[in-house]
Amino acid sequence: MTAAPARSLALPSAFLAAALSFPAAAQVGQKLATDRPNVTILATGGTIAGAQPKPGEVGYKAGSFSVESLIRAVPGMEKIAAVTGEQIANIGSQDMNDAVWLKLARRANELQKDPNVNGIVVTHGTDTMEETAYFLDLVVKGDKPVVLVGSMRPATAISADGPMNLYNATSVAASLAAWGRGVLVVMNDDIHYAREVTKSNTTSLQTFVSPDRGRAGAVLFGKPTFYAKPIERHTSGSTFAVPLPDKLPAVLVVYSHANAGRELVDAAVAAGAQGIVLAGVGDGNATAAIIDGLAAAARKGVVVVRSSRVGSGTVARNVELDDDKLGFVAGRDLEPGKARVLLQQALTKTRDVVQIQKYFDEY
Ligand code: ASP
């Protein structure tokens, strides 16, 4: 466990203050000898652990509170699970990186094998939550629930959303119905599949959506209901799950817009990118200049995946561009950040674009 910041949660309301005087059952760091499910919470920071200088202020610092403080602020946690908290990192998720991902994935894989653990919760900032969720969906081996959760309001805010989100996430992680569904995201009473979910609003509490295929389910006051199962390969069925490499391949994202030149593509190649994801306009399109740059990169062995900046819908092969001739991969409905995550994993196995297209068709 890395050292957590020394400060303790300055609670904004009498409601949360009451939660702090919780009985011993909610004590963190201690497995409880009961027949309740055991859930391990792996904390990485984010707004859910964020503190304002003064309650009511807009500004705050993500990743200010320890996992113990977060658990203590949730009334009734002991009724749904015996929880154990571990601090993996304490950062704003805008700073999420490969090193933290690999640490998190290794620990999640250990917990998958631990017979005393029923489910795993990961507290995380919302900015890159969908990327971390999809990364874990590809590399965690096992059927136990892994549930990412965050909040839009910091822990010290009036009506902080973190405690209810954490309560709901823990109940999903403790639920047998969540087994075998891959990595999930729980936010604002919704359950999403890692592959489908995306942040859609910079500030709203109702920011997470699954635009193409809809939610995985809903969770109300700790009672989850699930809808359709996920279709693509994930977790136990993923070929990327284990062993994890020490380092992930360098993949960069290039954004397309009107009048864009190829400078960023050439810079990505010069920086040593093994893969480039195009965040294209429309159906993964870009200016002739960018496409020329990407074609030149592909000829040098850099793997190019076309995705879209639009936010929903699919990017199919050979529609407006001849992917066969250009040597590109079509990213289907993965948004650019997630296309990057899958391309990193694909590049740990091969540089063959036919095989990489197959991965993008299956995951
Ligand atoms: N910047 C924050 C983060 O991603 C935002 C949040 O958690 O809502 O860590």
# chains A, B, ... in the order shown; residues from 1 in each chain; ligands from 1
call {"tool": "select_by_dssp", "arguments": {"residues": "stretch 51-292 of chain A", "states": "strand (DSSP E)", "output": "number ranges by chain"}}
result
A: 82-91, 119-123, 146-149, 183-187, 190-193, 198-199, 208-209, 217-220, 223-226, 251-255, 275-280
call {"tool": "closest_atom_pairs", "arguments": {"of": "chain A", "to": "ligand 1", "cutoff": "9 Å", "atoms": "only C-alpha atoms and all ligand atoms", "output": "JSON lines"}}
result
{"residue": "A:Thr44", "atom": "CA", "partner": "ligand 1", "partner_atom_place_in_ligand_line": "9 (O)", "distance": 8.9}
{"residue": "A:Gly45", "atom": "CA", "partner": "ligand 1", "partner_atom_place_in_ligand_line": "9 (O)", "distance": 6.5}
{"residue": "A:Gly46", "atom": "CA", "partner": "ligand 1", "partner_atom_place_in_ligand_line": "9 (O)", "distance": 3.3}
{"residue": "A:Thr47", "atom": "CA", "partner": "ligand 1", "partner_atom_place_in_ligand_line": "7 (O)", "distance": 3.7}
{"residue": "A:Ile48", "atom": "CA", "partner": "ligand 1", "partner_atom_place_in_ligand_line": "7 (O)", "distance": 6.1}
{"residue": "A:Ala49", "atom": "CA", "partner": "ligand 1", "partner_atom_place_in_ligand_line": "7 (O)", "distance": 8.1}
{"residue": "A:Gly50", "atom": "CA", "partner": "ligand 1", "partner_atom_place_in_ligand_line": "7 (O)", "distance": 7.8}
{"residue": "A:Lys61", "atom": "CA", "partner": "ligand 1", "partner_atom_place_in_ligand_line": "1 (N)", "distance": 8.5}
{"residue": "A:Ala62", "atom": "CA", "partner": "ligand 1", "partner_atom_place_in_ligand_line": "9 (O)", "distance": 5.5}
{"residue": "A:Gly63", "atom": "CA", "partner": "ligand 1", "partner_atom_place_in_ligand_line": "9 (O)", "distance": 7.1}
{"residue": "A:Ile91", "atom": "CA", "partner": "ligand 1", "partner_atom_place_in_ligand_line": "9 (O)", "distance": 6.6}
{"residue": "A:Gly92", "atom": "CA", "partner": "ligand 1", "partner_atom_place_in_ligand_line": "9 (O)", "distance": 3.3}
{"residue": "A:Ser93", "atom": "CA", "partner": "ligand 1", "partner_atom_place_in_ligand_line": "9 (O)", "distance": 3.8}
{"residue": "A:Gln94", "atom": "CA", "partner": "ligand 1", "partner_atom_place_in_ligand_line": "4 (O)", "distance": 5.3}
{"residue": "A:Asp95", "atom": "CA", "partner": "ligand 1", "partner_atom_place_in_ligand_line": "9 (O)", "distance": 7.8}
{"residue": "A:Met96", "atom": "CA", "partner": "ligand 1", "partner_atom_place_in_ligand_line": "9 (O)", "distance": 8.5}
{"residue": "A:His124", "atom": "CA", "partner": "ligand 1", "partner_atom_place_in_ligand_line": "7 (O)", "distance": 6.5}
{"residue": "A:Gly125", "atom": "CA", "partner": "ligand 1", "partner_atom_place_in_ligand_line": "7 (O)", "distance": 3.1}
{"residue": "A:Thr126", "atom": "CA", "partner": "ligand 1", "partner_atom_place_in_ligand_line": "7 (O)", "distance": 4.1}
{"residue": "A:Asp127", "atom": "CA", "partner": "ligand 1", "partner_atom_place_in_ligand_line": "4 (O)", "distance": 3.7}
{"residue": "A:Thr128", "atom": "CA", "partner": "ligand 1", "partner_atom_place_in_ligand_line": "4 (O)", "distance": 6.0}
{"residue": "A:Met129", "atom": "CA", "partner": "ligand 1", "partner_atom_place_in_ligand_line": "4 (O)", "distance": 7.2}
{"residue": "A:Gly150", "atom": "CA", "partner": "ligand 1", "partner_atom_place_in_ligand_line": "7 (O)", "distance": 6.1}
{"residue": "A:Ser151", "atom": "CA", "partner": "ligand 1", "partner_atom_place_in_ligand_line": "8 (O)", "distance": 5.5}
{"residue": "A:Met152", "atom": "CA", "partner": "ligand 1", "partner_atom_place_in_ligand_line": "8 (O)", "distance": 4.4}
{"residue": "A:Arg153", "atom": "CA", "partner": "ligand 1", "partner_atom_place_in_ligand_line": "8 (O)", "distance": 6.9}
{"residue": "A:Pro154", "atom": "CA", "partner": "ligand 1", "partner_atom_place_in_ligand_line": "8 (O)", "distance": 7.8}
{"residue": "A:Thr202", "atom": "CA", "partner": "ligand 1", "partner_atom_place_in_ligand_line": "8 (O)", "distance": 8.5}
{"residue": "A:Thr203", "atom": "CA", "partner": "ligand 1", "partner_atom_place_in_ligand_line": "8 (O)", "distance": 8.0}
call {"tool": "residues_around", "arguments": {"residues": "A:Leu347", "least_positions_apart": "2", "cutoff": "8 Å", "atoms": "only C-alpha atoms", "output": "mmCIF file with all heavy atoms, in the first residue's frame"}}
result
data_model
loop_
_atom_site.group_PDB
_atom_site.id
_atom_site.type_symbol
_atom_site.label_atom_id
_atom_site.label_comp_id
_atom_site.auth_asym_id
_atom_site.auth_seq_id
_atom_site.Cartn_x
_atom_site.Cartn_y
_atom_site.Cartn_z
ATOM 1 N N PRO A 249 3.522 -1.186 -25.744
ATOM 2 C CA PRO A 249 4.024 -0.544 -26.968
ATOM 3 C C PRO A 249 3.555 0.907 -27.095
ATOM 4 O O PRO A 249 2.464 1.260 -26.619
ATOM 5 C CB PRO A 249 3.404 -1.390 -28.091
ATOM 6 C CG PRO A 249 3.022 -2.675 -27.465
ATOM 7 C CD PRO A 249 2.707 -2.389 -26.034
ATOM 8 N N GLN A 274 4.888 2.818 -32.558
ATOM 9 C CA GLN A 274 4.715 1.531 -33.245
ATOM 10 C C GLN A 274 3.324 1.453 -33.866
ATOM 11 O O GLN A 274 3.085 0.682 -34.775
ATOM 12 C CB GLN A 274 4.889 0.384 -32.254
ATOM 13 C CG GLN A 274 6.316 0.175 -31.808
ATOM 14 C CD GLN A 274 6.355 -0.839 -30.670
ATOM 15 O OE1 GLN A 274 6.613 -0.474 -29.526
ATOM 16 N NE2 GLN A 274 6.070 -2.082 -30.981
ATOM 17 N N GLY A 275 2.426 2.254 -33.313
ATOM 18 C CA GLY A 275 1.066 2.296 -33.840
ATOM 19 C C GLY A 275 0.537 3.714 -33.784
ATOM 20 O O GLY A 275 0.938 4.502 -32.923
ATOM 21 N N LEU A 343 -4.959 -1.497 -29.622
ATOM 22 C CA LEU A 343 -3.784 -1.574 -30.503
ATOM 23 C C LEU A 343 -2.518 -1.854 -29.694
ATOM 24 O O LEU A 343 -1.660 -2.637 -30.123
ATOM 25 C CB LEU A 343 -3.655 -0.280 -31.325
ATOM 26 C CG LEU A 343 -2.505 -0.236 -32.338
ATOM 27 C CD1 LEU A 343 -2.484 -1.461 -33.258
ATOM 28 C CD2 LEU A 343 -2.561 1.044 -33.172
ATOM 29 N N GLN A 344 -2.411 -1.255 -28.498
ATOM 30 C CA GLN A 344 -1.252 -1.576 -27.639
ATOM 31 C C GLN A 344 -1.192 -3.077 -27.368
ATOM 32 O O GLN A 344 -0.141 -3.706 -27.460
ATOM 33 C CB GLN A 344 -1.365 -0.844 -26.297
ATOM 34 C CG GLN A 344 -0.925 0.605 -26.324
ATOM 35 C CD GLN A 344 -0.875 1.181 -24.911
ATOM 36 O OE1 GLN A 344 -1.828 1.033 -24.147
ATOM 37 N NE2 GLN A 344 0.212 1.825 -24.565
ATOM 38 N N GLN A 345 -2.345 -3.645 -27.009
ATOM 39 C CA GLN A 345 -2.367 -5.080 -26.707
ATOM 40 C C GLN A 345 -2.056 -5.901 -27.948
ATOM 41 O O GLN A 345 -1.289 -6.865 -27.904
ATOM 42 C CB GLN A 345 -3.727 -5.486 -26.123
ATOM 43 C CG GLN A 345 -3.960 -4.984 -24.723
ATOM 44 C CD GLN A 345 -2.835 -5.355 -23.776
ATOM 45 O OE1 GLN A 345 -2.418 -6.516 -23.721
ATOM 46 N NE2 GLN A 345 -2.320 -4.387 -23.061
ATOM 47 N N LYS A 349 1.496 -8.768 -29.530
ATOM 48 C CA LYS A 349 1.439 -10.099 -30.170
ATOM 49 C C LYS A 349 1.991 -10.096 -31.584
ATOM 50 O O LYS A 349 2.588 -11.071 -32.023
ATOM 51 C CB LYS A 349 -0.029 -10.568 -30.263
ATOM 52 C CG LYS A 349 -0.761 -10.643 -28.960
ATOM 53 C CD LYS A 349 -0.743 -12.049 -28.434
ATOM 54 C CE LYS A 349 -1.445 -12.164 -27.107
ATOM 55 N NZ LYS A 349 -0.797 -13.120 -26.218
ATOM 56 N N THR A 350 1.692 -9.044 -32.356
ATOM 57 C CA THR A 350 2.013 -9.083 -33.793
ATOM 58 C C THR A 350 2.028 -7.679 -34.380
ATOM 59 O O THR A 350 1.507 -6.736 -33.777
ATOM 60 C CB THR A 350 0.948 -9.928 -34.540
ATOM 61 O OG1 THR A 350 1.285 -9.988 -35.920
ATOM 62 C CG2 THR A 350 -0.446 -9.324 -34.412
ATOM 63 N N ARG A 351 2.606 -7.561 -35.584
ATOM 64 C CA ARG A 351 2.501 -6.320 -36.363
ATOM 65 C C ARG A 351 1.726 -6.573 -37.655
ATOM 66 O O ARG A 351 1.651 -5.703 -38.525
ATOM 67 C CB ARG A 351 3.891 -5.795 -36.698
ATOM 68 C CG ARG A 351 4.542 -5.117 -35.518
ATOM 69 C CD ARG A 351 5.756 -4.336 -35.968
ATOM 70 N NE ARG A 351 6.137 -3.416 -34.912
ATOM 71 C CZ ARG A 351 6.697 -2.241 -35.120
ATOM 72 N NH1 ARG A 351 6.950 -1.822 -36.326
ATOM 73 N NH2 ARG A 351 7.025 -1.476 -34.113
#
call {"tool": "select_by_dssp", "arguments": {"residues": "stretch 172-353 of chain A", "states": "alpha helix (DSSP H)", "output": "number ranges by chain"}}
result
A: 172-173, 263-270, 288-299, 323-326, 336-347, 353
call {"tool": "residues_around", "arguments": {"residues": "A:Asp352", "least_positions_apart": "2", "cutoff": "12 Å", "atoms": "only C-alpha atoms", "output": "list in words"}}
result
Gly275, Ala298, Gly301, Val302, Val303, Val304, Gly327, Phe328, Val329, Leu343, Ala346, Leu347, Thr348, Lys349, Thr350, Val354, Gln355, Ile356, Gln357, Lys358 and Tyr359 of chain A
call {"tool": "closest_residue", "arguments": {"among": "A:Lys338, A:Arg195, A:His234, A:Lys300", "to": "A:Gly182", "atoms": "only C-alpha atoms"}}
result
A:His234
call {"tool": "closest_atom_pairs", "arguments": {"of": "stretch 265-284 of chain A", "to": "stretch 311-326 of chain A", "cutoff": "12 Å", "atoms": "only C-alpha atoms", "output": "CSV"}}
result
residue,atom,partner,partner_atom,distance
A:Leu278,CA,A:Val315,CA,11.0
A:Ala279,CA,A:Gly311,CA,10.1
A:Gly280,CA,A:Val315,CA,9.5
A:Val281,CA,A:Gly311,CA,10.3
A:Gly282,CA,A:Val315,CA,8.5
A:Asp283,CA,A:Val315,CA,5.1
A:Gly284,CA,A:Val315,CA,5.9
call {"tool": "residues_around", "arguments": {"residues": "A:Pro243", "least_positions_apart": "6", "cutoff": "10 Å", "atoms": "only C-alpha atoms", "output": "CSV table (one decimal) with N, CA and C atoms, in the first residue's frame"}}
result
chain,number,residue,atom,x,y,z
A,106,ARG,N,-2.0,-6.3,-12.5
A,106,ARG,CA,-1.3,-7.4,-11.8
A,106,ARG,C,-2.1,-7.7,-10.5
A,139,VAL,N,-7.1,-7.5,-20.1
A,139,VAL,CA,-5.9,-8.2,-19.5
A,139,VAL,C,-6.2,-8.8,-18.2
A,140,VAL,N,-7.4,-8.7,-17.6
A,140,VAL,CA,-7.7,-9.4,-16.4
A,140,VAL,C,-8.2,-10.8,-16.7
A,141,LYS,N,-7.6,-11.8,-16.1
A,141,LYS,CA,-8.1,-13.2,-16.4
A,141,LYS,C,-9.0,-13.6,-15.2
call {"tool": "atom_distance", "arguments": {"atom1": "atom CA of A:Gly272", "atom2": "atom CA of A:Glu362"}}
result
27.4 Å
call {"tool": "residues_around", "arguments": {"residues": "A:Leu252", "least_positions_apart": "6", "cutoff": "7 Å", "atoms": "only C-alpha atoms", "output": "NGL selection string"}}
result
:A and (268 or 273 or 275-277)
call {"tool": "write_last_selection", "arguments": {"atoms": "N, CA and C atoms", "output": "mmCIF file, in the first residue's frame"}}
result
data_model
loop_
_atom_site.group_PDB
_atom_site.id
_atom_site.type_symbol
_atom_site.label_atom_id
_atom_site.label_comp_id
_atom_site.auth_asym_id
_atom_site.auth_seq_id
_atom_site.Cartn_x
_atom_site.Cartn_y
_atom_site.Cartn_z
ATOM 1 N N ALA A 268 4.615 11.724 -35.003
ATOM 2 C CA ALA A 268 4.372 10.462 -34.279
ATOM 3 C C ALA A 268 5.366 9.394 -34.739
ATOM 4 N N ALA A 273 6.554 5.919 -32.649
ATOM 5 C CA ALA A 273 5.280 5.203 -32.453
ATOM 6 C C ALA A 273 5.298 3.884 -33.231
ATOM 7 N N GLY A 275 2.426 2.254 -33.313
ATOM 8 C CA GLY A 275 1.066 2.296 -33.840
ATOM 9 C C GLY A 275 0.537 3.714 -33.784
ATOM 10 N N ILE A 276 -0.346 4.056 -34.739
ATOM 11 C CA ILE A 276 -1.018 5.360 -34.721
ATOM 12 C C ILE A 276 -2.515 5.106 -34.860
ATOM 13 N N VAL A 277 -3.286 5.755 -33.978
ATOM 14 C CA VAL A 277 -4.747 5.728 -34.099
ATOM 15 C C VAL A 277 -5.177 7.067 -34.673
#
call {"tool": "residues_around", "arguments": {"residues": "A:Asp189", "least_positions_apart": "2", "cutoff": "6 Å", "atoms": "only C-alpha atoms", "output": "PyMOL selection string"}}
result
chain A and resi 187+218-220
call {"tool": "closest_residue", "arguments": {"among": "A:Leu205, A:Val242, A:Leu176, A:Ile291", "to": "A:Glu110", "atoms": "only C-alpha atoms"}}
result
A:Val242
